file upload30.tsv (TSV, C-alpha atoms)
chain	number	residue	atom	x	y	z
D	11	MET	CA	-11.14	-6.26	22.72
D	12	ILE	CA	-7.87	-6.35	24.71
D	13	PRO	CA	-6.82	-9.81	25.97
D	14	ALA	CA	-6.95	-10.13	29.78
D	15	PHE	CA	-3.28	-10.45	30.72
D	16	THR	CA	-2.00	-11.94	33.96
D	17	ASP	CA	1.65	-11.76	32.85
D	18	SER	CA	2.84	-8.14	33.12
D	19	ALA	CA	5.78	-8.70	30.74
D	20	ALA	CA	3.34	-10.00	28.10
D	21	ARG	CA	1.13	-6.96	28.67
D	22	ARG	CA	4.14	-4.66	28.14
D	23	ARG	CA	4.96	-6.41	24.85
D	24	PHE	CA	1.32	-6.07	23.76
D	25	ASP	CA	1.36	-2.34	24.65
D	26	ALA	CA	4.66	-1.80	22.82
D	27	TYR	CA	3.29	-3.47	19.68
D	28	PHE	CA	0.11	-1.38	19.76
D	29	SER	CA	1.95	1.87	20.48
D	30	GLU	CA	3.76	1.26	17.16
D	31	VAL	CA	0.36	0.60	15.54
D	32	ASP	CA	-0.97	3.87	17.06
D	33	ARG	CA	2.07	5.82	15.86
D	34	LEU	CA	1.49	4.65	12.30
D	35	LEU	CA	-2.29	4.97	12.42
D	36	ALA	CA	-2.07	8.55	13.73
D	37	ARG	CA	-1.72	9.55	10.05
D	38	ALA	CA	-4.42	7.18	8.81
D	39	GLY	CA	-7.45	9.37	9.50
D	40	ALA	CA	-10.91	8.16	10.45
D	41	ASP	CA	-10.26	4.42	10.10
D	42	ALA	CA	-7.56	4.30	12.80
D	43	ALA	CA	-9.75	3.40	15.80
D	44	GLU	CA	-11.66	0.73	13.87
D	45	LEU	CA	-8.48	-0.86	12.55
D	46	ARG	CA	-6.83	-0.86	15.97
D	47	GLY	CA	-9.91	-2.57	17.45
D	48	ASP	CA	-9.83	-5.20	14.68
D	49	LEU	CA	-6.15	-5.93	15.34
D	50	GLU	CA	-6.66	-6.18	19.11
D	51	ALA	CA	-9.57	-8.57	18.63
D	52	HIS	CA	-7.44	-10.62	16.24
D	53	VAL	CA	-4.66	-10.96	18.82
D	54	ALA	CA	-7.19	-12.01	21.49
D	55	ASP	CA	-8.73	-14.62	19.12
D	56	SER	CA	-5.31	-15.85	18.02
D	57	MET	CA	-4.14	-16.28	21.63
D	58	ALA	CA	-7.37	-18.06	22.57
D	59	ALA	CA	-7.03	-20.46	19.62
D	60	ALA	CA	-3.40	-21.37	20.43
D	61	PRO	CA	-3.13	-25.01	21.53
D	62	GLY	CA	-0.90	-24.40	24.56
D	63	GLY	CA	2.05	-22.53	26.03
D	64	SER	CA	2.34	-19.67	28.46
D	65	GLU	CA	0.51	-16.39	27.98
D	66	GLY	CA	3.75	-14.75	26.84
D	67	GLU	CA	4.44	-17.50	24.28
D	68	ARG	CA	0.91	-17.36	22.90
D	69	LEU	CA	1.16	-13.57	22.61
D	70	ASP	CA	4.52	-13.76	20.83
D	71	THR	CA	3.13	-16.30	18.34
D	72	ALA	CA	0.03	-14.16	17.75
D	73	LEU	CA	2.08	-10.98	17.18
D	74	SER	CA	4.55	-12.76	14.95
D	75	ARG	CA	1.71	-14.14	12.80
D	76	LEU	CA	0.16	-10.67	12.62
D	77	GLY	CA	3.43	-9.29	11.22
D	78	ARG	CA	5.33	-6.03	11.70
D	79	PRO	CA	2.86	-3.10	11.74
D	80	ILE	CA	4.91	-1.10	9.22
D	81	ASP	CA	4.75	-3.98	6.71
D	82	TYR	CA	0.99	-4.32	6.59
D	83	LEU	CA	0.03	-0.69	7.36
D	84	ARG	CA	2.34	0.98	4.83
D	85	PRO	CA	0.05	0.47	1.79
D	86	LEU	CA	-2.85	1.91	3.81
D	87	LEU	CA	-0.75	4.92	4.86
D	88	ALA	CA	0.34	5.49	1.26
D	89	ASP	CA	-3.30	5.49	0.10
D	90	GLU	CA	-4.49	7.77	2.92
D	91	LEU	CA	-1.70	10.34	2.54
D	92	ILE	CA	-2.00	10.44	-1.25
D	93	GLU	CA	-5.78	10.83	-1.01
D	94	ARG	CA	-5.47	13.63	1.56
D	95	GLY	CA	-2.61	15.30	-0.33
D	96	THR	CA	-4.39	15.25	-3.70
D	97	ARG	CA	-7.57	16.60	-2.11
D	98	SER	CA	-5.75	19.52	-0.46
D	99	TYR	CA	-3.04	19.91	-3.16
D	100	SER	CA	-0.43	19.61	-0.38
D	101	PRO	CA	2.97	18.70	-1.85
D	102	VAL	CA	4.39	17.62	1.53
D	103	THR	CA	1.54	15.16	2.18
D	104	ILE	CA	1.76	13.83	-1.39
D	105	ALA	CA	5.55	13.37	-1.04
D	106	ARG	CA	5.06	11.43	2.20
D	107	GLY	CA	2.40	9.26	0.59
D	108	LEU	CA	4.63	8.59	-2.42
D	109	SER	CA	7.56	7.65	-0.19
D	110	HIS	CA	5.34	5.09	1.57
D	111	ALA	CA	4.11	3.84	-1.83
D	112	VAL	CA	7.70	3.34	-3.00
D	113	LEU	CA	8.64	1.50	0.19
D	114	ALA	CA	5.49	-0.67	-0.02
D	115	GLY	CA	7.07	-2.31	-3.07
D	116	SER	CA	5.91	-3.91	-6.35
D	117	ARG	CA	3.35	-2.02	-8.46
D	118	ARG	CA	3.04	0.75	-5.89
D	119	ALA	CA	6.80	1.32	-6.15
D	120	GLY	CA	6.58	1.78	-9.92
D	121	ILE	CA	3.69	4.23	-9.62
D	122	GLY	CA	5.36	6.04	-6.74
D	123	LEU	CA	8.63	6.40	-8.65
D	124	ALA	CA	6.90	7.61	-11.83
D	125	PHE	CA	4.94	10.27	-9.96
D	126	GLY	CA	8.02	11.12	-7.84
D	127	LEU	CA	9.96	11.86	-11.04
D	128	GLY	CA	7.05	13.99	-12.26
D	129	TYR	CA	7.13	16.05	-9.07
D	130	LEU	CA	10.93	16.34	-9.34
D	131	LEU	CA	10.50	17.85	-12.81
D	132	LEU	CA	7.96	20.23	-11.30
D	133	ALA	CA	10.50	21.26	-8.64
D	134	ILE	CA	13.06	21.93	-11.39
D	135	PHE	CA	10.63	24.24	-13.25
D	136	THR	CA	9.91	26.10	-10.01
D	137	ALA	CA	13.63	26.39	-9.24
D	138	MET	CA	14.22	27.78	-12.75
D	139	ALA	CA	11.63	30.53	-12.17
D	140	LEU	CA	13.13	31.41	-8.78
D	141	LEU	CA	16.79	31.32	-9.90
D	142	LYS	CA	16.39	33.21	-13.18
D	143	PRO	CA	16.60	36.72	-11.58
D	144	LEU	CA	19.63	35.68	-9.48
D	145	TRP	CA	21.60	33.52	-11.90
D	146	GLY	CA	20.11	34.60	-15.20
D	147	GLU	CA	22.96	33.61	-17.52
D	148	HIS	CA	22.75	29.96	-16.32
D	149	VAL	CA	18.97	29.48	-16.32
D	150	GLY	CA	16.72	29.11	-19.37
D	151	VAL	CA	16.84	27.48	-22.81
D	152	PHE	CA	20.25	27.72	-24.52
D	153	ARG	CA	21.51	27.14	-28.05
D	154	ASN	CA	25.08	25.90	-27.62
D	155	ALA	CA	28.01	26.74	-29.87
D	156	ASP	CA	27.74	23.30	-31.56
D	157	GLY	CA	24.03	23.89	-32.35
D	158	THR	CA	22.60	21.61	-29.65
D	159	ILE	CA	19.91	22.86	-27.26
D	160	SER	CA	20.14	22.69	-23.43
D	161	ALA	CA	17.37	23.64	-21.04
D	162	GLY	CA	17.07	24.11	-17.30
D	163	ILE	CA	19.76	25.17	-14.85
D	164	VAL	CA	23.07	24.94	-16.68
D	165	ALA	CA	26.42	25.36	-14.92
D	166	GLN	CA	28.49	25.97	-18.07
D	167	SER	CA	26.73	28.32	-20.47
D	168	GLY	CA	29.85	29.98	-22.02
D	169	GLY	CA	29.42	30.39	-25.78
D	170	ALA	CA	25.71	29.48	-25.60
D	171	ARG	CA	22.88	31.87	-26.49
D	172	GLU	CA	19.88	32.12	-24.20
D	173	LEU	CA	16.70	31.91	-26.28
D	174	LEU	CA	13.85	32.89	-23.96
D	175	GLY	CA	15.24	35.69	-21.78
D	176	TRP	CA	12.86	36.76	-19.00
D	177	TRP	CA	10.10	34.72	-20.63
D	178	SER	CA	11.74	31.74	-18.90
D	179	ILE	CA	10.06	32.80	-15.65
D	180	PRO	CA	6.36	32.79	-16.70
D	181	ILE	CA	6.90	29.75	-18.95
D	182	ALA	CA	8.58	27.76	-16.13
D	183	LEU	CA	5.86	28.81	-13.67
D	184	LEU	CA	3.11	27.89	-16.14
D	185	LEU	CA	4.68	24.48	-16.81
D	186	ALA	CA	5.10	23.88	-13.06
D	187	ALA	CA	1.45	24.76	-12.40
D	188	LEU	CA	0.16	22.60	-15.28
D	189	LEU	CA	2.36	19.69	-14.22
D	190	TYR	CA	1.24	20.03	-10.60
D	191	VAL	CA	-2.45	19.98	-11.47
D	192	ALA	CA	-2.00	17.12	-13.99
D	193	LEU	CA	0.08	14.97	-11.62
D	194	THR	CA	-2.19	15.55	-8.65
D	195	ARG	CA	-5.36	14.83	-10.64
D	196	GLY	CA	-3.69	11.77	-12.20
D	197	LEU	CA	-2.73	10.46	-8.80
D	198	ARG	CA	-6.25	11.03	-7.47
D	199	ALA	CA	-7.84	9.31	-10.49
D	200	LEU	CA	-5.46	6.37	-10.16
D	201	ARG	CA	-6.32	6.00	-6.50
D	202	GLN	CA	-10.06	6.12	-7.16
D	203	ARG	CA	-9.79	3.48	-9.92
D	204	ARG	CA	-8.14	0.91	-7.59
V	6	MET	CA	23.60	-24.16	0.96
V	7	THR	CA	25.28	-22.03	-1.73
V	8	ARG	CA	24.82	-18.30	-1.96
V	9	GLN	CA	23.19	-18.70	-5.38
V	10	SER	CA	20.52	-21.05	-4.06
V	11	ASP	CA	19.94	-18.70	-1.08
V	12	ASP	CA	19.38	-15.83	-3.52
V	13	SER	CA	17.07	-17.97	-5.62
V	14	GLN	CA	15.12	-19.07	-2.53
V	15	GLU	CA	14.77	-15.43	-1.47
V	16	ALA	CA	13.59	-14.41	-4.95
V	17	ILE	CA	10.97	-17.19	-4.90
V	18	SER	CA	9.79	-16.13	-1.43
V	19	ARG	CA	9.38	-12.51	-2.60
V	20	TRP	CA	7.52	-13.65	-5.72
V	21	GLU	CA	5.22	-15.91	-3.66
V	22	VAL	CA	4.38	-13.06	-1.26
V	23	GLN	CA	3.46	-10.77	-4.17
V	24	LEU	CA	1.44	-13.55	-5.79
V	25	ARG	CA	-0.48	-14.25	-2.58
V	26	LYS	CA	-1.13	-10.57	-1.97
V	27	GLY	CA	-2.42	-10.30	-5.54
V	28	VAL	CA	-5.01	-13.03	-5.10
V	29	LEU	CA	-5.94	-12.21	-1.50
V	30	GLU	CA	-8.90	-10.02	-2.44
V	31	PHE	CA	-10.33	-12.80	-4.65
V	32	VAL	CA	-9.70	-15.44	-1.97
V	33	VAL	CA	-11.37	-13.31	0.73
V	34	LEU	CA	-14.46	-12.81	-1.43
V	35	LEU	CA	-14.53	-16.54	-2.24
V	36	SER	CA	-14.24	-17.47	1.45
V	37	LEU	CA	-17.07	-15.14	2.41
V	38	SER	CA	-19.33	-16.51	-0.33
V	39	ASP	CA	-20.20	-19.52	1.88
V	40	ARG	CA	-21.06	-17.69	5.10
V	41	GLU	CA	-20.14	-14.69	7.23
V	42	GLN	CA	-16.90	-14.99	9.21
V	43	TYR	CA	-14.87	-12.99	11.74
V	44	GLY	CA	-11.32	-11.85	10.96
V	45	PHE	CA	-9.27	-14.55	12.68
V	46	GLU	CA	-11.56	-17.29	11.40
V	47	LEU	CA	-11.31	-15.93	7.87
V	48	ILE	CA	-7.51	-15.66	7.74
V	49	SER	CA	-7.02	-19.03	9.49
V	50	GLY	CA	-9.38	-20.67	6.99
V	51	ILE	CA	-7.51	-19.09	4.07
V	52	ALA	CA	-4.15	-20.27	5.45
V	53	LYS	CA	-5.50	-23.79	5.97
V	54	ARG	CA	-7.62	-24.32	2.85
V	55	ALA	CA	-5.75	-22.26	0.28
V	56	ALA	CA	-2.21	-22.55	1.76
V	57	ILE	CA	-1.95	-18.76	1.53
V	58	ASP	CA	0.25	-17.89	4.45
V	59	LEU	CA	0.53	-14.10	4.69
V	60	PRO	CA	1.20	-11.80	7.65
V	61	GLU	CA	-2.27	-11.88	9.20
V	62	GLY	CA	-2.28	-8.08	9.64
V	63	THR	CA	-2.52	-7.76	5.84
V	64	LEU	CA	-6.17	-8.79	6.07
V	65	TYR	CA	-7.53	-5.81	8.00
V	66	PRO	CA	-6.54	-2.88	5.74
V	67	LEU	CA	-7.92	-4.98	2.87
V	68	MET	CA	-11.23	-5.55	4.72
V	69	LEU	CA	-11.51	-1.78	5.32
V	70	ARG	CA	-11.01	-1.11	1.62
V	71	LEU	CA	-13.49	-3.80	0.56
V	72	ALA	CA	-16.06	-2.32	2.97
V	73	LYS	CA	-15.45	1.20	1.59
V	74	ASP	CA	-15.92	-0.16	-1.93
V	75	GLY	CA	-19.25	-1.67	-0.84
V	76	LEU	CA	-18.15	-5.27	-1.50
V	77	ILE	CA	-18.46	-6.50	2.10
V	78	SER	CA	-20.41	-5.43	5.16
V	79	SER	CA	-19.72	-6.04	8.84
V	80	ARG	CA	-21.81	-6.43	11.97
V	81	LEU	CA	-21.00	-6.97	15.64
V	82	ALA	CA	-22.35	-10.19	17.16
V	83	ASP	CA	-21.56	-12.16	20.31
V	84	GLY	CA	-18.51	-14.39	20.03
V	85	ASP	CA	-17.77	-17.67	21.82
V	86	GLY	CA	-16.73	-16.03	25.09
V	87	GLY	CA	-19.50	-13.45	25.01
V	88	ALA	CA	-17.28	-10.58	23.83
V	89	PRO	CA	-18.65	-9.07	20.60
V	90	ARG	CA	-16.94	-10.05	17.39
V	91	LYS	CA	-17.02	-8.31	14.03
V	92	TYR	CA	-18.46	-10.62	11.37
V	93	TYR	CA	-17.89	-9.88	7.70
V	94	ALA	CA	-20.29	-10.85	4.90
V	95	LEU	CA	-20.48	-10.33	1.15
V	96	THR	CA	-22.84	-7.63	-0.10
V	97	ALA	CA	-24.91	-8.11	-3.26
V	98	GLN	CA	-22.32	-5.98	-5.09
V	99	GLY	CA	-19.49	-8.14	-3.72
V	100	ARG	CA	-21.26	-11.33	-4.79
V	101	GLU	CA	-21.81	-9.92	-8.27
V	102	LEU	CA	-18.12	-8.97	-8.57
V	103	LEU	CA	-17.08	-12.41	-7.36
V	104	LEU	CA	-19.22	-14.09	-10.01
V	105	ASP	CA	-17.45	-11.98	-12.63
V	106	MET	CA	-14.01	-12.72	-11.14
V	107	ILE	CA	-14.37	-16.51	-11.18
V	108	PRO	CA	-14.28	-16.99	-14.99
V	109	SER	CA	-11.40	-14.47	-15.25
V	110	TRP	CA	-9.42	-16.45	-12.69
V	111	SER	CA	-10.20	-19.79	-14.37
V	112	LYS	CA	-9.12	-18.39	-17.74
V	113	LEU	CA	-5.87	-16.96	-16.30
V	114	ALA	CA	-5.02	-20.14	-14.40
V	115	ALA	CA	-5.70	-22.30	-17.48
V	116	SER	CA	-3.60	-20.01	-19.71
V	117	VAL	CA	-0.63	-20.14	-17.34
V	118	ASP	CA	-1.01	-23.92	-16.91
V	119	ARG	CA	-0.78	-24.34	-20.69
V	120	LEU	CA	2.64	-22.63	-20.64
V	121	LEU	CA	4.08	-25.02	-18.07
V	122	PRO	CA	6.66	-27.54	-19.29
V	123	GLY	CA	4.99	-30.80	-20.33
V	124	ALA	CA	1.53	-29.25	-20.73
V	125	SER	CA	-0.26	-30.22	-23.94
V	126	ALA	CA	-0.62	-27.27	-26.34
call {"tool": "encode", "arguments": {"input": "upload30.tsv", "output": "structure tokens"}}
result
Amino acid sequence: MIPAFTDSAARRRFDAYFSEVDRLLARAGADAAELRGDLEAHVADSMAAAPGGSEGERLDTALSRLGRPIDYLRPLLADELIERGTRSYSPVTIARGLSHAVLAGSRRAGIGLAFGLGYLLLAIFTAMALLKPLWGEHVGVFRNADGTISAGIVAQSGGARELLGWWSIPIALLLAALLYVALTRGLRALRQRR
Amino acid sequence: MTRQSDDSQEAISRWEVQLRKGVLEFVVLLSLSDREQYGFELISGIAKRAAIDLPEGTLYPLMLRLAKDGLISSRLADGDGGAPRKYYALTAQGRELLLDMIPSWSKLAASVDRLLPGASA
């Protein structure tokens, strides 16, 4: 329900607000049209309930009380993208969902950061598998001259002995795959429990 | 005003927003336990009766989630000016959850109250 505007400047501000809503809701899937309709109806009700003032003033008050679209739609976007990403195992969609979760703040930020670190570890395992044939003496699990163990992509490996050899590649790929499945299933289970 | 008190004021505002968001689901279910309401009526009532002043847009993604979880239902009915309005109501599942939430809330509120300075142990 769009308010009937007589003030064209107010109508432009209304359209600008809802084009931002549309831009954000374009990624929100099936609920987008329903949510937009709810928000439009809310603005119309809020303007009608205002005690006085011009159309433009009543619109500005209604939009200000509604809040910035990014602030109240971000948690929804995070949920939608994570749900879609975990269903399709799409790392790009999951990463976008996690970034929205982190920016949404509080508990979501903690969860987003924890899973973000998990996916970073996954990226490191994948990079190890890809770099091993090219930079073999710096990638793998190393026993250093002082007896300590280093693992991953190591810039300085002089004096260290590589322990796994070419086995680094299947082991890194296996760990990456296991981590990917575990993180994605964990994220999906967490989302369904909320 | 000093910078320290500005920082403290800002920290309190952030904490209050998180607190309000945390109880919003409970407050929405409580508000709908009396009768069905449309969105603007619901959020205005919450702001007035419970002094929970949140960006009003926060309500709608929450209502979508509650509907998906089967806790509320909605129907279109004529509003004051004749244009259809979406009215929200509690489902049986929502009412059951609310009845379980009320003692949990009372217990939590009482426990926190007991920690306040001057409260009897």
call {"tool": "interface_residues", "arguments": {"input": "upload30.tsv", "of": "chain V", "to": "chain D", "cutoff": "6 Å", "atoms": "all atoms listed in the file", "output": "list in words"}}
result
Phe45, Pro60, Glu61, Gly62 and Thr63 of chain V
call {"tool": "atom_distance", "arguments": {"input": "upload30.tsv", "atom1": "atom CA of Leu184 of chain D", "atom2": "atom CA of Thr103 of chain D"}}
result
22.4 Å
call {"tool": "closest_residue", "arguments": {"input": "upload30.tsv", "among": "D:Ile163, D:Ala139, D:Leu193, D:Val102", "to": "Trp177 of chain D", "atoms": "only C-alpha atoms"}}
result
D:Ala139
call {"tool": "atom_distance", "arguments": {"input": "upload30.tsv", "atom1": "atom CA of Ile107 of chain V", "atom2": "atom CA of Phe31 of chain V"}}
result
8.5 Å
call {"tool": "closest_residue", "arguments": {"input": "upload30.tsv", "among": "V:Asp105, V:Asp39, V:Asp118, V:Asp58", "to": "Val22 of chain V", "atoms": "all atoms listed in the file"}}
result
V:Asp58
call {"tool": "axis_aligned_box", "arguments": {"input": "upload30.tsv", "around": "segment 96-107 of chain V", "padding_each_side": "4 Å", "output": "AutoDock Vina command-line options"}}
result
--center_x -19.5 --center_y -11.2 --center_z -6.4 --size_x 18.9 --size_y 18.5 --size_z 20.5
call {"tool": "atom_distance", "arguments": {"input": "upload30.tsv", "atom1": "atom CA of Ile77 of chain V", "atom2": "atom CA of Thr96 of chain V"}}
result
5.0 Å
call {"tool": "closest_residue", "arguments": {"input": "upload30.tsv", "among": "D:Ala19, D:Val191, D:Val149, D:Ala137", "to": "Glu172 of chain D", "atoms": "all atoms listed in the file"}}
result
D:Val149
call {"tool": "residues_near_point", "arguments": {"input": "upload30.tsv", "point": "(-10.2, -8.8, 0.9)", "cutoff": "10 Å", "atoms": "only C-alpha atoms", "output": "ChimeraX atom specification"}}
result
/V:26,28-37,63-72,76-77
call {"tool": "closest_residue", "arguments": {"input": "upload30.tsv", "among": "D:Ala192, D:Ala20, D:Leu141, D:Ile159", "to": "Ile179 of chain D", "atoms": "only C-alpha atoms"}}
result
D:Leu141
call {"tool": "closest_residue", "arguments": {"input": "upload30.tsv", "among": "D:Leu174, D:Ile92, D:Met57, D:Ala42", "to": "Leu197 of chain D", "atoms": "all atoms listed in the file"}}
result
D:Ile92
call {"tool": "build_atoms", "arguments": {"input": "upload30.tsv", "residues": "segment 168-190 of chain D", "atoms": "N, CA and C atoms", "output": "PDB file, in the frame of the given file"}}
result
ATOM      1  N   GLY D 168      28.939  29.159 -21.215  1.00  0.00           N
ATOM      2  CA  GLY D 168      29.850  29.980 -22.020  1.00  0.00           C
ATOM      3  C   GLY D 168      29.701  29.623 -23.493  1.00  0.00           C
ATOM      4  N   GLY D 169      29.540  30.625 -24.334  1.00  0.00           N
ATOM      5  CA  GLY D 169      29.420  30.390 -25.780  1.00  0.00           C
ATOM      6  C   GLY D 169      28.009  30.045 -26.207  1.00  0.00           C
ATOM      7  N   ALA D 170      27.094  29.837 -25.248  1.00  0.00           N
ATOM      8  CA  ALA D 170      25.710  29.480 -25.600  1.00  0.00           C
ATOM      9  C   ALA D 170      24.855  30.748 -25.610  1.00  0.00           C
ATOM     10  N   ARG D 171      23.773  30.714 -26.419  1.00  0.00           N
ATOM     11  CA  ARG D 171      22.880  31.870 -26.490  1.00  0.00           C
ATOM     12  C   ARG D 171      21.558  31.521 -25.837  1.00  0.00           C
ATOM     13  N   GLU D 172      21.149  32.379 -24.901  1.00  0.00           N
ATOM     14  CA  GLU D 172      19.880  32.120 -24.200  1.00  0.00           C
ATOM     15  C   GLU D 172      18.725  32.542 -25.116  1.00  0.00           C
ATOM     16  N   LEU D 173      17.740  31.675 -25.281  1.00  0.00           N
ATOM     17  CA  LEU D 173      16.700  31.910 -26.280  1.00  0.00           C
ATOM     18  C   LEU D 173      15.455  32.594 -25.737  1.00  0.00           C
ATOM     19  N   LEU D 174      15.143  32.402 -24.473  1.00  0.00           N
ATOM     20  CA  LEU D 174      13.850  32.890 -23.960  1.00  0.00           C
ATOM     21  C   LEU D 174      13.933  34.183 -23.167  1.00  0.00           C
ATOM     22  N   GLY D 175      15.111  34.491 -22.613  1.00  0.00           N
ATOM     23  CA  GLY D 175      15.240  35.690 -21.780  1.00  0.00           C
ATOM     24  C   GLY D 175      14.334  35.600 -20.552  1.00  0.00           C
ATOM     25  N   TRP D 176      13.701  36.752 -20.212  1.00  0.00           N
ATOM     26  CA  TRP D 176      12.860  36.760 -19.000  1.00  0.00           C
ATOM     27  C   TRP D 176      11.584  35.934 -19.168  1.00  0.00           C
ATOM     28  N   TRP D 177      11.277  35.569 -20.418  1.00  0.00           N
ATOM     29  CA  TRP D 177      10.100  34.720 -20.630  1.00  0.00           C
ATOM     30  C   TRP D 177      10.254  33.364 -19.937  1.00  0.00           C
ATOM     31  N   SER D 178      11.501  33.014 -19.613  1.00  0.00           N
ATOM     32  CA  SER D 178      11.740  31.740 -18.900  1.00  0.00           C
ATOM     33  C   SER D 178      10.907  31.657 -17.628  1.00  0.00           C
ATOM     34  N   ILE D 179      10.744  32.831 -16.960  1.00  0.00           N
ATOM     35  CA  ILE D 179      10.060  32.800 -15.650  1.00  0.00           C
ATOM     36  C   ILE D 179       8.575  32.435 -15.799  1.00  0.00           C
ATOM     37  N   PRO D 180       7.785  33.200 -16.607  1.00  0.00           N
ATOM     38  CA  PRO D 180       6.360  32.790 -16.700  1.00  0.00           C
ATOM     39  C   PRO D 180       6.182  31.421 -17.340  1.00  0.00           C
ATOM     40  N   ILE D 181       7.056  31.066 -18.301  1.00  0.00           N
ATOM     41  CA  ILE D 181       6.900  29.750 -18.950  1.00  0.00           C
ATOM     42  C   ILE D 181       7.180  28.629 -17.940  1.00  0.00           C
ATOM     43  N   ALA D 182       8.253  28.788 -17.131  1.00  0.00           N
ATOM     44  CA  ALA D 182       8.580  27.760 -16.130  1.00  0.00           C
ATOM     45  C   ALA D 182       7.463  27.661 -15.090  1.00  0.00           C
ATOM     46  N   LEU D 183       6.939  28.829 -14.670  1.00  0.00           N
ATOM     47  CA  LEU D 183       5.860  28.810 -13.670  1.00  0.00           C
ATOM     48  C   LEU D 183       4.595  28.157 -14.232  1.00  0.00           C
ATOM     49  N   LEU D 184       4.297  28.472 -15.511  1.00  0.00           N
ATOM     50  CA  LEU D 184       3.110  27.890 -16.140  1.00  0.00           C
ATOM     51  C   LEU D 184       3.263  26.370 -16.259  1.00  0.00           C
ATOM     52  N   LEU D 185       4.448  25.924 -16.687  1.00  0.00           N
ATOM     53  CA  LEU D 185       4.680  24.480 -16.810  1.00  0.00           C
ATOM     54  C   LEU D 185       4.580  23.791 -15.447  1.00  0.00           C
ATOM     55  N   ALA D 186       5.156  24.461 -14.417  1.00  0.00           N
ATOM     56  CA  ALA D 186       5.100  23.880 -13.060  1.00  0.00           C
ATOM     57  C   ALA D 186       3.656  23.748 -12.601  1.00  0.00           C
ATOM     58  N   ALA D 187       2.858  24.797 -12.837  1.00  0.00           N
ATOM     59  CA  ALA D 187       1.450  24.760 -12.400  1.00  0.00           C
ATOM     60  C   ALA D 187       0.681  23.680 -13.150  1.00  0.00           C
ATOM     61  N   LEU D 188       0.878  23.618 -14.482  1.00  0.00           N
ATOM     62  CA  LEU D 188       0.160  22.600 -15.280  1.00  0.00           C
ATOM     63  C   LEU D 188       0.547  21.198 -14.840  1.00  0.00           C
ATOM     64  N   LEU D 189       1.862  21.009 -14.624  1.00  0.00           N
ATOM     65  CA  LEU D 189       2.360  19.690 -14.220  1.00  0.00           C
ATOM     66  C   LEU D 189       1.792  19.317 -12.843  1.00  0.00           C
ATOM     67  N   TYR D 190       1.732  20.315 -11.948  1.00  0.00           N
ATOM     68  CA  TYR D 190       1.240  20.030 -10.600  1.00  0.00           C
ATOM     69  C   TYR D 190      -0.227  19.590 -10.634  1.00  0.00           C
TER      70      TYR D 190
END
